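Have a look at the structure below, then the notes.
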2 protein chains.
Amino acid sequence: MANVSAAMKRHQVDDSNNELYTRFRYQPITGLGYEQGINRRDPSTIIKVKDIFYLWYTRNECAKSSWLDADIWYASSKDGISWQEQGPAVIRGEEGAWDEYSVFTTEILVTDDKYYLCYQAKRNNDPLNVVGMAWAESVDGPWVKLKEPILKPTPDGKLINPTEHGDSNWGAALEIGSWDSGAIHDPGIIKFKDQYYLYYKGHAIGEKMFTDSKWGLAISDRPEGPYIKHKLNPVSNSGHETWVFPWKEGIAAIVDWAGPEKGTIQYSPDGINFEVITILEDIPPAGGAYVPDKFIGNGDGQGFSWGVAHYGSSDWSFLVGFTCDLTREGDKDLAWHNYKHYSAIRDVLKDPEKFGLPRDHLFK
Amino acid sequence: MANVSAAMKRHQVDDSNNELYTRFRYQPITGLGYEQGINRRDPSTIIKVKDIFYLWYTRNECAKSSWLDADIWYASSKDGISWQEQGPAVIRGEEGAWDEYSVFTTEILVTDDKYYLCYQAKRNNDPLNVVGMAWAESVDGPWVKLKEPILKPTPDGKLINPTEHGDSNWGAALEIGSWDSGAIHDPGIIKFKDQYYLYYKGHAIGEKMFTDSKWGLAISDRPEGPYIKHKLNPVSNSGHETWVFPWKEGIAAIVDWAGPEKGTIQYSPDGINFEVITILEDIPPAGGAYVPDKFIGNGDGQGFSWGVAHYGSSDWSFLVGFTCDLTREGDKDLAWHNYKHYSAIRDVLKDPEKFGLPRDHLFK
């Protein structure tokens, strides 16, 4: 190996031969697309129950407030393209509760014949947040909330305005805190080696840069906790809406636009030590994929080929479909990799009517 | 270091503290913008001579042919925004010459009180290409072509159609060749340690994937050659239009959209062994920057803050301006890094009239 440059020493797999490289194609879905005044964001993993697909998402009325003031709704579909909104699944708590202001950014877990939703929760006049959980016997609910949060920020650091509402207030610090002292966001659970691995994004009190996200892991023997934060946290130095899925014997993570390793796909045999496999382009924003074996935990993860993402600006998001070939089923299609043949997420802007969008609204 | 995850072991510099991280902002320029029927592509590095800026670029008439059938033109500007097209600098050769079909994708070198242009050159009915060079005493020419190419593909591999014209024909192979047997593209020269470092992109005969570019280096003691290919080639495993510039004591490279390390900025103290410094987003396509110290070679590279890139599709490209803060002058502006505050290259699509573009044309 002496007679190769540093680049060629690193260079093991071309994208064309890389199982974890893909391009993404985007297409409209119906029922959860653009609707004036309604904000739909952060779709969960998609699951299938008796031949029907289900997903959960953050929903609020953007005419009334910012997108942060929200509840968790769900929808079902027979084909993944035509969706029917079913109504609320988990709504924010009563005045004084730790989830009184909002419940949002949810993920689903299916295990032991039960359904579990984990999600961000906020009270009024508090810039921080916690992760809550609710469970149900049926995919249609009713959902029973756990009394206490399953995850909280590390209680150190000192805010300048500890009662000023606002999601990004953690940057204004009298004293810098731990990496996850200011915010814990975007929880997602996977079953792995007979335990439950809860991944979450952290921001430090005193963090200078909104986009400089890191991710931690908390592990529990039971779905409802207690979750113990891993001593090697953070396990990712990047990603704003990282999603994990079983891949072969380990866990793969799609690390999107934030941080020094932005826009990468990473793999870890142990769920803790991730290595960059390659760089992806045009990653579905806050994507939720249909991952058939996400909760099986059999050490032979197969990946996925389609899902749903959100798009728009923060006050009028809607959901769009995507396809890809991050799946071990069938051969990789080389044409799929080719730069010339894909529909970028930004192509939504080129053909807004196809997505049910008024052109004028988009060009604001 | 035992008690950190693999990600945190790698993680040395956040983007907010990384001198080589930037966002790019785009803006129209005049004189080289969209013009129906005219194709302007691949701007060179911008130089300043007696307070006037100059750049060279590929120009053809897209109504007559594909963009490959081209000559090298140049333009000047007092402010970098308003440009005056000055006419041809180097035009293709006579019938039978090795540059009879096209001269294109040029870069400028200024040294020893002379100007040198290196560029791709093609003959008719030949899928391969070579790198040619011309020199002039004055920035306005006349340009004297060197009789022989300064760089050629490695002569191995075997094409199925060795006389079929077409730029991407190198994939159809009877026998796979060396990494730079099929094409040598996008030459760029920098002065480094009292020598001339010529970087160029290579494709192998038999390469499966158009976007899987690698880059090599050839070094000469004199600007006009002979250039000797480096024994550690290739020196980059990625990049479709990689640009290099002096940075501190070494060389930095912007590696754009192709290959496993697509969209990165890399640094090498020796110009040969590059390491990834961080991942960049929205890199100017085929950018040419004003790099004031590019040809000084004093081992103290300062970077740059603005330039010109091309945009459009292959048959109606035009030039747009960009700004950034890849410069060591002054402090880094944190606000600049923020995801919310930049103009993406795709924003050209949102406001086409500002760029002199007919909206209908863009949405084709």
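Just remember, in the structure tokens the first chain shown is A, the second B, etc., residues are 1-based per chain, and ligands are 1-based in the order shown.
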If we count only C-alpha atoms and set the cut-off at 10 Å, which residues sit around Glu224 (chain A), ignoring sequence neighbours fewer than 5 positions away in its own chain? Please answer as a ChimeraX atom specification.
/A:116-118,132-135,146,149-150,196
With 7 Å as the cut-off and only C-alpha atoms counted, what is the closest atom pair between each nearby residue of region 198-265 of chain B and region 278-290 of chain B? Distances in Å to one decimal, ordered by chain and number, as JSON lines.
{"residue": "B:Glu241", "atom": "CA", "partner": "B:Ala286", "partner_atom": "CA", "distance": 5.4}
{"residue": "B:Asp256", "atom": "CA", "partner": "B:Ile283", "partner_atom": "CA", "distance": 6.4}
{"residue": "B:Gly263", "atom": "CA", "partner": "B:Leu280", "partner_atom": "CA", "distance": 5.4}
{"residue": "B:Thr264", "atom": "CA", "partner": "B:Ile279", "partner_atom": "CA", "distance": 4.2}
{"residue": "B:Ile265", "atom": "CA", "partner": "B:Thr278", "partner_atom": "CA", "distance": 5.7}
Run DSSP on the backbone of this structure and report the residues of region 34-168 of chain A it assigns to strand (DSSP E), as a ChimeraX atom specification.
/A:38-41,47-49,52-61,71-77,83-90,102-111,114-122,130-136,144-145,158-159
Proximity to chain A - best of B:Ser238, B:Asn124, B:Thr154, B:Asn298, only C-alpha atoms
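Selected residue with least distance to chain A: B:Ser238.
Using only C-alpha atoms for every distance, the candidate list A:Val244, A:Val308, A:Leu232, A:Ile176 yields A:Leu232 as the residue closest to chain B.
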Using DSSP assignments from the backbone, pull out every residue in region 2-242 of chain B that falls under helix (DSSP H, G or I) and give it to me as a list in words.
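Assigned to helix (DSSP H, G or I), within region 2-242 of chain B: Ala6, Ala7, Met8, Lys9, Arg10, Asp15, Ser16, Asn17, Asn169, Trp170 and Gly171 of chain B.
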Residue nearest Lys262 (chain A) among B:Val139, B:Ser5, B:Asp14, B:Val130 (counting only C-alpha atoms):
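With only C-alpha atoms as the atom set, the closest residue is B:Asp14.
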Please measure the separation of CA of Lys231 (chain B) and CA of Arg10 (chain B), giving the value in Å to one decimal.
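Separation between CA of Lys231 (chain B) and CA of Arg10 (chain B): 28.9 Å.
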